[in-house]
Amino acid sequence: MSEKKMTSSRRHHLKSLVLQVAANWLEKEKQETKEAKEAYMAEHCPAPDTNGDQAALMEVCKKLHAAIDKIDEERYDIEAKVQKADKEIEDLKIKVVDLVGVKKPALKKVRMSADAMLKALLGSKHTVNMDLRANLKQVKKETKEESTEAVGDWRKNIEDKADRKKMFETS
(Lines give C-alpha, C1' and ligand atoms only; values in the text may rest on other atoms or scores of the structure.)
Protein backbone atom coordinates (compact mmCIF):
# COMPACT_ATOMS: atom_id res chain seq x y z
CA MET A 1 0.00 0.00 0.00
CA SER A 2 1.31 3.36 -0.92
CA GLU A 3 0.87 6.14 1.57
CA LYS A 4 -1.24 8.98 0.25
CA LYS A 5 0.04 12.44 0.97
CA MET A 6 -2.33 14.82 2.67
CA THR A 7 -3.00 18.08 0.89
CA SER A 8 -2.07 21.28 2.67
CA SER A 9 -5.70 22.47 2.80
CA ARG A 10 -6.80 19.18 4.40
CA ARG A 11 -3.91 19.33 6.89
CA HIS A 12 -4.79 22.96 7.74
CA HIS A 13 -8.45 22.05 8.23
CA LEU A 14 -7.60 19.13 10.56
CA LYS A 15 -5.18 21.27 12.51
CA SER A 16 -7.82 23.95 13.04
CA LEU A 17 -10.31 21.30 14.22
CA VAL A 18 -7.78 19.90 16.71
CA LEU A 19 -7.09 23.42 18.01
CA GLN A 20 -10.82 24.08 18.45
CA VAL A 21 -11.28 20.86 20.43
CA ALA A 22 -8.25 21.72 22.59
CA ALA A 23 -9.60 25.23 23.23
CA ASN A 24 -12.95 23.75 24.32
CA TRP A 25 -11.18 21.35 26.69
CA LEU A 26 -9.18 24.22 28.21
CA GLU A 27 -12.35 26.25 28.68
CA LYS A 28 -14.09 23.32 30.41
CA GLU A 29 -11.05 22.76 32.64
CA LYS A 30 -11.02 26.42 33.69
CA GLN A 31 -14.74 26.26 34.47
CA GLU A 32 -14.29 23.08 36.53
CA THR A 33 -11.42 24.53 38.57
CA LYS A 34 -13.46 27.68 39.21
CA GLU A 35 -16.41 25.61 40.43
CA ALA A 36 -14.12 23.48 42.59
CA LYS A 37 -12.66 26.60 44.22
CA GLU A 38 -16.11 28.00 44.94
CA ALA A 39 -17.26 24.68 46.44
CA TYR A 40 -14.15 24.46 48.65
CA MET A 41 -14.54 28.04 49.85
CA ALA A 42 -18.23 27.51 50.60
CA GLU A 43 -17.45 24.34 52.57
CA HIS A 44 -14.40 25.50 54.53
CA CYS A 45 -14.93 29.23 54.80
CA PRO A 46 -18.56 30.07 55.56
CA ALA A 47 -19.53 33.72 55.40
CA PRO A 48 -19.03 35.35 58.79
CA ASP A 49 -22.11 36.44 60.68
CA THR A 50 -21.79 40.20 60.80
CA ASN A 51 -25.07 40.68 62.67
CA GLY A 52 -24.65 41.46 66.30
CA ASP A 53 -22.99 43.86 68.65
CA GLN A 54 -19.40 45.04 68.66
CA ALA A 55 -18.20 42.40 71.14
CA ALA A 56 -19.42 39.58 68.84
CA LEU A 57 -17.64 41.14 65.86
CA MET A 58 -14.44 41.47 67.88
CA GLU A 59 -14.67 37.78 68.75
CA VAL A 60 -15.10 36.87 65.06
CA CYS A 61 -12.05 39.00 64.17
CA LYS A 62 -9.96 37.30 66.87
CA LYS A 63 -10.95 33.87 65.52
CA LEU A 64 -10.05 34.94 61.98
CA HIS A 65 -6.66 36.26 63.13
CA ALA A 66 -5.97 33.02 65.01
CA ALA A 67 -6.86 31.00 61.90
CA ILE A 68 -4.59 33.21 59.73
CA ASP A 69 -1.70 32.79 62.20
CA LYS A 70 -2.14 29.02 62.23
CA ILE A 71 -2.18 28.87 58.41
CA ASP A 72 0.92 31.10 58.19
CA GLU A 73 2.79 28.80 60.60
CA GLU A 74 1.83 25.76 58.53
CA ARG A 75 2.89 27.51 55.33
CA TYR A 76 6.24 28.46 56.86
CA ASP A 77 6.84 24.88 58.05
CA ILE A 78 5.97 23.49 54.64
CA GLU A 79 8.28 26.00 52.90
CA ALA A 80 11.12 25.01 55.24
CA LYS A 81 10.55 21.32 54.43
CA VAL A 82 10.53 22.07 50.70
CA GLN A 83 13.76 24.09 50.93
CA LYS A 84 15.43 21.30 52.91
CA ALA A 85 14.30 18.72 50.35
CA ASP A 86 15.55 20.92 47.48
CA LYS A 87 18.94 21.28 49.15
CA GLU A 88 19.17 17.50 49.65
CA ILE A 89 18.29 16.97 46.00
CA GLU A 90 21.02 19.39 44.90
CA ASP A 91 23.56 17.67 47.18
CA LEU A 92 22.62 14.28 45.76
CA LYS A 93 22.91 15.60 42.21
CA ILE A 94 26.39 16.89 43.00
CA LYS A 95 27.35 13.52 44.53
CA VAL A 96 26.09 11.71 41.42
CA VAL A 97 28.15 13.99 39.18
CA ASP A 98 31.20 13.44 41.42
CA LEU A 99 30.77 9.66 41.35
CA VAL A 100 30.12 9.40 37.64
CA GLY A 101 32.54 12.12 36.74
CA VAL A 102 32.29 14.56 33.92
CA LYS A 103 32.96 12.86 30.64
CA LYS A 104 35.22 14.92 28.44
CA PRO A 105 34.57 14.55 24.74
CA ALA A 106 37.36 13.35 22.52
CA LEU A 107 38.89 16.38 20.89
CA LYS A 108 39.65 16.33 17.22
CA LYS A 109 42.96 17.55 15.94
CA VAL A 110 42.49 20.70 13.92
CA ARG A 111 45.19 22.06 11.68
CA MET A 112 44.84 25.79 11.78
CA SER A 113 47.35 28.60 11.71
CA ALA A 114 47.49 31.23 14.40
CA ASP A 115 46.08 33.80 11.96
CA ALA A 116 43.11 31.55 11.16
CA MET A 117 42.46 30.98 14.87
CA LEU A 118 42.46 34.71 15.61
CA LYS A 119 40.17 35.37 12.66
CA ALA A 120 37.79 32.68 13.91
CA LEU A 121 37.80 34.13 17.44
CA LEU A 122 37.81 37.84 16.65
CA GLY A 123 35.97 37.79 13.34
CA SER A 124 36.72 40.34 10.69
CA LYS A 125 38.26 42.72 13.25
CA HIS A 126 41.50 40.73 13.16
CA THR A 127 44.19 42.55 11.23
CA VAL A 128 47.31 41.57 13.19
CA ASN A 129 49.70 39.28 11.36
CA MET A 130 50.96 36.47 13.53
CA ASP A 131 54.03 35.66 11.46
CA LEU A 132 56.34 35.32 14.45
CA ARG A 133 59.44 34.55 12.39
CA ALA A 134 59.27 37.95 10.72
CA ASN A 135 59.63 39.70 14.09
CA LEU A 136 62.81 37.87 15.04
CA LYS A 137 66.17 39.63 14.86
CA GLN A 138 68.73 38.35 12.45
CA VAL A 139 71.82 37.18 14.30
CA LYS A 140 75.09 36.56 12.55
CA LYS A 141 77.15 33.65 13.70
CA GLU A 142 80.44 34.74 15.10
CA THR A 143 83.37 32.43 14.74
CA LYS A 144 85.73 32.47 17.64
CA GLU A 145 89.27 32.98 16.59
CA GLU A 146 91.59 31.91 19.33
CA SER A 147 94.76 33.89 19.41
CA THR A 148 97.86 31.77 19.28
CA GLU A 149 99.60 34.11 21.68
CA ALA A 150 97.16 33.32 24.50
CA VAL A 151 97.66 29.61 24.13
CA GLY A 152 101.45 29.79 24.07
CA ASP A 153 103.55 27.57 26.22
CA TRP A 154 101.74 26.31 29.26
CA ARG A 155 104.91 26.10 31.26
CA LYS A 156 105.50 29.79 30.89
CA ASN A 157 101.98 30.53 32.23
CA ILE A 158 102.68 28.41 35.29
CA GLU A 159 105.90 30.25 35.98
CA ASP A 160 104.08 33.60 35.75
CA LYS A 161 101.51 32.43 38.24
CA ALA A 162 104.22 31.22 40.58
CA ASP A 163 105.77 34.68 40.53
CA ARG A 164 102.45 36.20 41.59
CA LYS A 165 102.21 33.74 44.43
CA LYS A 166 105.64 34.78 45.67
CA MET A 167 104.53 38.44 45.60
CA PHE A 168 101.71 37.77 47.99
CA GLU A 169 103.82 35.67 50.30
CA THR A 170 106.53 38.28 50.69
CA SER A 171 104.25 41.15 51.55
# chains A, B, ... in the order shown; residues from 1 in each chain; ligands from 1

call {"tool": "select_by_dssp", "arguments": {"residues": "segment 41-156 of chain A", "states": "alpha helix (DSSP H)", "output": "ChimeraX atom specification"}}
result
/A:41-44,54-100,114-122,148-151,154-156

call {"tool": "atom_distance", "arguments": {"atom1": "atom CA of His12 of chain A", "atom2": "atom CA of Leu26 of chain A"}}
result
21.0 Å

call {"tool": "residues_around", "arguments": {"residues": "segment 45-54 of chain A", "least_positions_apart": "6", "cutoff": "12 Å", "atoms": "only C-alpha atoms", "output": "ChimeraX atom specification"}}
result
/A:37-39,60-61,63-64,67

call {"tool": "decode", "arguments": {"residues": "segment 9-50 of chain A", "atoms": "N, CA and C atoms", "output": "tab-separated table (two decimals), in the first residue's frame"}}
result
chain	number	residue	atom	x	y	z
A	9	SER	N	-4.42	21.95	2.32
A	9	SER	CA	-5.70	22.47	2.80
A	9	SER	C	-6.35	21.50	3.79
A	10	ARG	N	-6.24	20.20	3.49
A	10	ARG	CA	-6.80	19.18	4.40
A	10	ARG	C	-6.06	19.20	5.74
A	11	ARG	N	-4.72	19.30	5.68
A	11	ARG	CA	-3.91	19.33	6.89
A	11	ARG	C	-4.26	20.57	7.71
A	12	HIS	N	-4.43	21.71	7.05
A	12	HIS	CA	-4.79	22.96	7.74
A	12	HIS	C	-6.16	22.84	8.39
A	13	HIS	N	-7.10	22.23	7.69
A	13	HIS	CA	-8.45	22.05	8.23
A	13	HIS	C	-8.43	21.16	9.47
A	14	LEU	N	-7.69	20.03	9.40
A	14	LEU	CA	-7.60	19.13	10.56
A	14	LEU	C	-6.91	19.80	11.74
A	15	LYS	N	-5.90	20.58	11.44
A	15	LYS	CA	-5.18	21.27	12.51
A	15	LYS	C	-6.10	22.27	13.21
A	16	SER	N	-6.90	22.98	12.44
A	16	SER	CA	-7.82	23.95	13.04
A	16	SER	C	-8.87	23.24	13.89
A	17	LEU	N	-9.34	22.06	13.43
A	17	LEU	CA	-10.31	21.30	14.22
A	17	LEU	C	-9.69	20.85	15.55
A	18	VAL	N	-8.47	20.35	15.49
A	18	VAL	CA	-7.78	19.90	16.71
A	18	VAL	C	-7.62	21.08	17.67
A	19	LEU	N	-7.26	22.25	17.15
A	19	LEU	CA	-7.09	23.42	18.01
A	19	LEU	C	-8.42	23.86	18.63
A	20	GLN	N	-9.51	23.73	17.89
A	20	GLN	CA	-10.82	24.08	18.45
A	20	GLN	C	-11.20	23.14	19.59
A	21	VAL	N	-10.97	21.84	19.39
A	21	VAL	CA	-11.28	20.86	20.43
A	21	VAL	C	-10.43	21.14	21.67
A	22	ALA	N	-9.13	21.44	21.46
A	22	ALA	CA	-8.25	21.72	22.59
A	22	ALA	C	-8.70	22.98	23.33
A	23	ALA	N	-9.12	24.00	22.59
A	23	ALA	CA	-9.60	25.23	23.23
A	23	ALA	C	-10.84	24.94	24.06
A	24	ASN	N	-11.75	24.11	23.55
A	24	ASN	CA	-12.95	23.75	24.32
A	24	ASN	C	-12.58	23.01	25.60
A	25	TRP	N	-11.62	22.09	25.50
A	25	TRP	CA	-11.18	21.35	26.69
A	25	TRP	C	-10.60	22.31	27.72
A	26	LEU	N	-9.77	23.26	27.27
A	26	LEU	CA	-9.18	24.22	28.21
A	26	LEU	C	-10.27	25.06	28.88
A	27	GLU	N	-11.25	25.47	28.12
A	27	GLU	CA	-12.35	26.25	28.68
A	27	GLU	C	-13.11	25.45	29.74
A	28	LYS	N	-13.40	24.17	29.44
A	28	LYS	CA	-14.09	23.32	30.41
A	28	LYS	C	-13.25	23.14	31.66
A	29	GLU	N	-11.94	22.96	31.48
A	29	GLU	CA	-11.05	22.76	32.64
A	29	GLU	C	-11.04	24.01	33.52
A	30	LYS	N	-11.00	25.19	32.90
A	30	LYS	CA	-11.02	26.42	33.69
A	30	LYS	C	-12.33	26.54	34.47
A	31	GLN	N	-13.42	26.19	33.82
A	31	GLN	CA	-14.74	26.26	34.47
A	31	GLN	C	-14.80	25.29	35.65
A	32	GLU	N	-14.28	24.08	35.46
A	32	GLU	CA	-14.29	23.08	36.53
A	32	GLU	C	-13.44	23.52	37.71
A	33	THR	N	-12.28	24.08	37.46
A	33	THR	CA	-11.42	24.53	38.57
A	33	THR	C	-12.09	25.69	39.31
A	34	LYS	N	-12.76	26.57	38.57
A	34	LYS	CA	-13.46	27.68	39.21
A	34	LYS	C	-14.57	27.17	40.12
A	35	GLU	N	-15.33	26.18	39.63
A	35	GLU	CA	-16.41	25.61	40.43
A	35	GLU	C	-15.85	24.88	41.65
A	36	ALA	N	-14.72	24.19	41.47
A	36	ALA	CA	-14.12	23.48	42.59
A	36	ALA	C	-13.65	24.45	43.67
A	37	LYS	N	-13.09	25.59	43.26
A	37	LYS	CA	-12.66	26.60	44.22
A	37	LYS	C	-13.85	27.16	45.00
A	38	GLU	N	-14.92	27.46	44.27
A	38	GLU	CA	-16.11	28.00	44.94
A	38	GLU	C	-16.69	26.99	45.93
A	39	ALA	N	-16.71	25.71	45.54
A	39	ALA	CA	-17.26	24.68	46.44
A	39	ALA	C	-16.38	24.55	47.68
A	40	TYR	N	-15.07	24.57	47.51
A	40	TYR	CA	-14.15	24.46	48.65
A	40	TYR	C	-14.32	25.64	49.59
A	41	MET	N	-14.38	26.85	49.02
A	41	MET	CA	-14.54	28.04	49.85
A	41	MET	C	-15.87	28.02	50.60
A	42	ALA	N	-16.93	27.56	49.93
A	42	ALA	CA	-18.23	27.51	50.60
A	42	ALA	C	-18.22	26.49	51.73
A	43	GLU	N	-17.49	25.39	51.56
A	43	GLU	CA	-17.45	24.34	52.57
A	43	GLU	C	-16.57	24.72	53.75
A	44	HIS	N	-15.38	25.25	53.46
A	44	HIS	CA	-14.40	25.50	54.53
A	44	HIS	C	-14.43	26.91	55.08
A	45	CYS	N	-14.93	27.85	54.34
A	45	CYS	CA	-14.93	29.23	54.80
A	45	CYS	C	-16.34	29.81	54.69
A	46	PRO	N	-17.19	29.50	55.64
A	46	PRO	CA	-18.56	30.07	55.56
A	46	PRO	C	-18.51	31.58	55.77
A	47	ALA	N	-19.48	32.27	55.25
A	47	ALA	CA	-19.53	33.72	55.40
A	47	ALA	C	-19.70	34.06	56.87
A	48	PRO	N	-18.91	35.00	57.37
A	48	PRO	CA	-19.03	35.35	58.79
A	48	PRO	C	-20.36	36.07	59.07
A	49	ASP	N	-20.84	35.82	60.26
A	49	ASP	CA	-22.11	36.44	60.68
A	49	ASP	C	-21.78	37.84	61.20
A	50	THR	N	-22.12	38.82	60.42
A	50	THR	CA	-21.79	40.20	60.80
A	50	THR	C	-22.92	40.86	61.59
